[in-house]
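For reference, the structure is listed below as structure tokens.
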Amino acid sequence: VMERVVLVTGASGGVGLALCRRLLEEDGRIHLCIACRNAQKSEATRDLILDTHPAAQVSTVEVDLGNLASVLRVARELRCRFQHLDFVYLNAGIMPNPHVNFKALWHGLRVLHMLTTAEGIMTQTDRLNGDGLQEVFATNLFGHFILVRQLESLLCGNEKPSRLIWTSSSNARESAFSLSDYQHAKGQESYSSSKYATDLTSVVLNRKFNKQGLYSSVVCPGLVMSNMTYRILPVFLWKLLMPIMWLIRFFAKTYTLTPYNGAEAHVWLFKQKPEHLDALVKYHSCTSGLGKNYVEPRKIDVDEDTAEKLYQKLLELERETLERYSDLLD
């Protein structure tokens with residue numbers, strides 16, 4: 001039997017690291033390839049994983065998903081290294097300088113609702129990256145999209161289906177996304193916009209690639225306390241809020257809080273037959289008030305026509321941007 005090869009981006013911490021450990025608990029025979037931003041991070045992460053799973057096969061690659069040259073380089077390296085990829089967890093993501101909109105929080109008497117979806121209380125300042133793209137869009141969606149496109153030869157036409165599993169968010173709201181500004185240069189909710197665009201992209205990838213044995217799913221890890229979350233408020237405030245958040249968990253099952261719990265849906269999907277999954281569903285990691293983990297499927301709020309139009313725009317952007325990098329293309 002050919003070993004299953006699993007690639008995880010954003011593996012160095014939070015849900016990504018917990019996911020790597022949990023996948024090895026499910027199947028210690030997989031070949032796990034972890035993608036981190038630099039060699040130092042990937043080596044440190046590999047050591048952390050081998051500490052708990054000393055017999056595991058773990059290899060590393062370096063990629064900055066917000067940098068197209070880096071994405072093309074890593075894709076080339078992966079094509080040299082592997083004949084096939086069984087799972088790609090597209091998990092790396094950024095939320096630069098998140099600000100809590102306290103005015104919105106104060107006026108929002110639907111505080112519980114706001115806390116469980118982060119709706120209206122999370123704004124970010126975005127900026128252009130070195131490729132002239134909006135940084136959040138480039139890292140969270142476009143870099144991953146280019147990676148998938150560059151790895152098609154490893155993902156399509158294998159004996160067993162291959163899987164893409166995107167880390168989306170319950171914060172992926174249609175109201176934050178607009179087709180005319182799909183990179184979200186004008187608004188304040190670039191994170192939410194990039195996650196909604198991810199949901200749209202996954203829907204189209206299924207339509208285009210299921211026949212070739214490639215299946216795409218989106219998951220939401222719930223609210224996990226990680227470096228990304230801790231930057232939103234001062235640490236002392238989180239310490240005060242923590243007991244309240246454990247209480248809220250009794251009402252709000254998406255308060256998964258730990259990276260281990262947040263990876264529940266990712267791990268559940270690892271065990272499913274993709275033919276039986278619904279392409280229009282997002283799988284949410286949930287934790288009950290008593291700490292039991294489970295997965296809840298919820299319909300994705302997508303318009304298939306908008307999804308197709310976005311996909312065409314991504315292909316167009318791919319053509320424009322990759323012209324500059326012909327030397328990195330085979």
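Residue numbering restarts at 1 for every chain of the structure tokens, chains are lettered A, B, ... in their displayed order, and ligands are numbered from 1 as they appear.
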
(message) Give me the residues near A:Lys41 as a list in words, where near means some atom within 12 Å (using only C-alpha atoms) and where sequence neighbours in that chain fewer than 2 positions away do not count.
(response) Gly10, Ala11, Ser12, Gly13, Leu17, Ile34, Ala35, Cys36, Arg37, Asn38, Ala39, Glu43, Ala44, Thr45, Arg46, Asp47, Leu48, Thr60, Val61, Glu62, Val63 and Asp64 of chain A

Quick one: contact table of stretch 186-302 of chain A to stretch 148-165 of chain A, 8 Å max, nearest atom pair and distance in Å to one decimal per residue, counting only C-alpha atoms, chain and number order, as a tab-separated table?
residue	atom	partner	partner_atom	distance
A:Phe209	CA	A:Cys156	CA	7.7
A:Gln212	CA	A:Gly157	CA	5.4
A:Gly213	CA	A:Pro161	CA	4.5
A:Leu214	CA	A:Ser162	CA	4.9
A:Tyr215	CA	A:Arg163	CA	4.9
A:Ser216	CA	A:Leu164	CA	4.5
A:Ser217	CA	A:Ile165	CA	4.9
A:Val218	CA	A:Ile165	CA	5.7
A:Val219	CA	A:Ile165	CA	7.1
A:His266	CA	A:Ile165	CA	7.2
A:Pro274	CA	A:Pro161	CA	7.6

(request) Counting only C-alpha atoms, figure out which residue out of A:Gly187, A:Gly66, A:Pro243, A:Gly14 gets nearest to A:Val136. (result) A:Gly66

(message) Ranking A:Ala69, A:Leu141, A:Val295, A:Ile49 by minimum distance to A:Asp327 and counting only C-alpha atoms, which one comes first?
(response) A:Ala69

(request) Please provide as a list in words all residues within 12 Å of A:Val302, with the sequence filter that same-chain residues fewer than 4 positions apart are discarded (counting only C-alpha atoms). (result) Ala172, Arg173, Glu174, Ser175, Phe177, Tyr196, Ala197, Thr198, Asp199, Leu200, Thr201, Ser202, Val203, Val204, Ala279, Leu280, Val281, Lys282, Arg298, Thr306, Ala307, Glu308 and Leu310 of chain A

(request) May I ask for the distance between atom CA of A:Tyr260 and atom CA of A:Val224, given in Å to one decimal place? (result) 9.0 Å

(request) Once DSSP has gone over the backbone, tell me which residues of stretch 168-272 of chain A are in helix (DSSP H, G or I), as number ranges by chain. (result) A: 174-176, 179-181, 190-212, 227-230, 235-248, 259-262, 264-270

(request) Run DSSP on the backbone of this structure and report the residues of stretch 165-317 of chain A it assigns to strand (DSSP E), as a PyMOL selection string. (result) chain A and resi 165-167+214-220+281-287+293-299

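Relative to atom CA of A:Phe142, atom CA of A:Leu179 is found at 14.6 Å.
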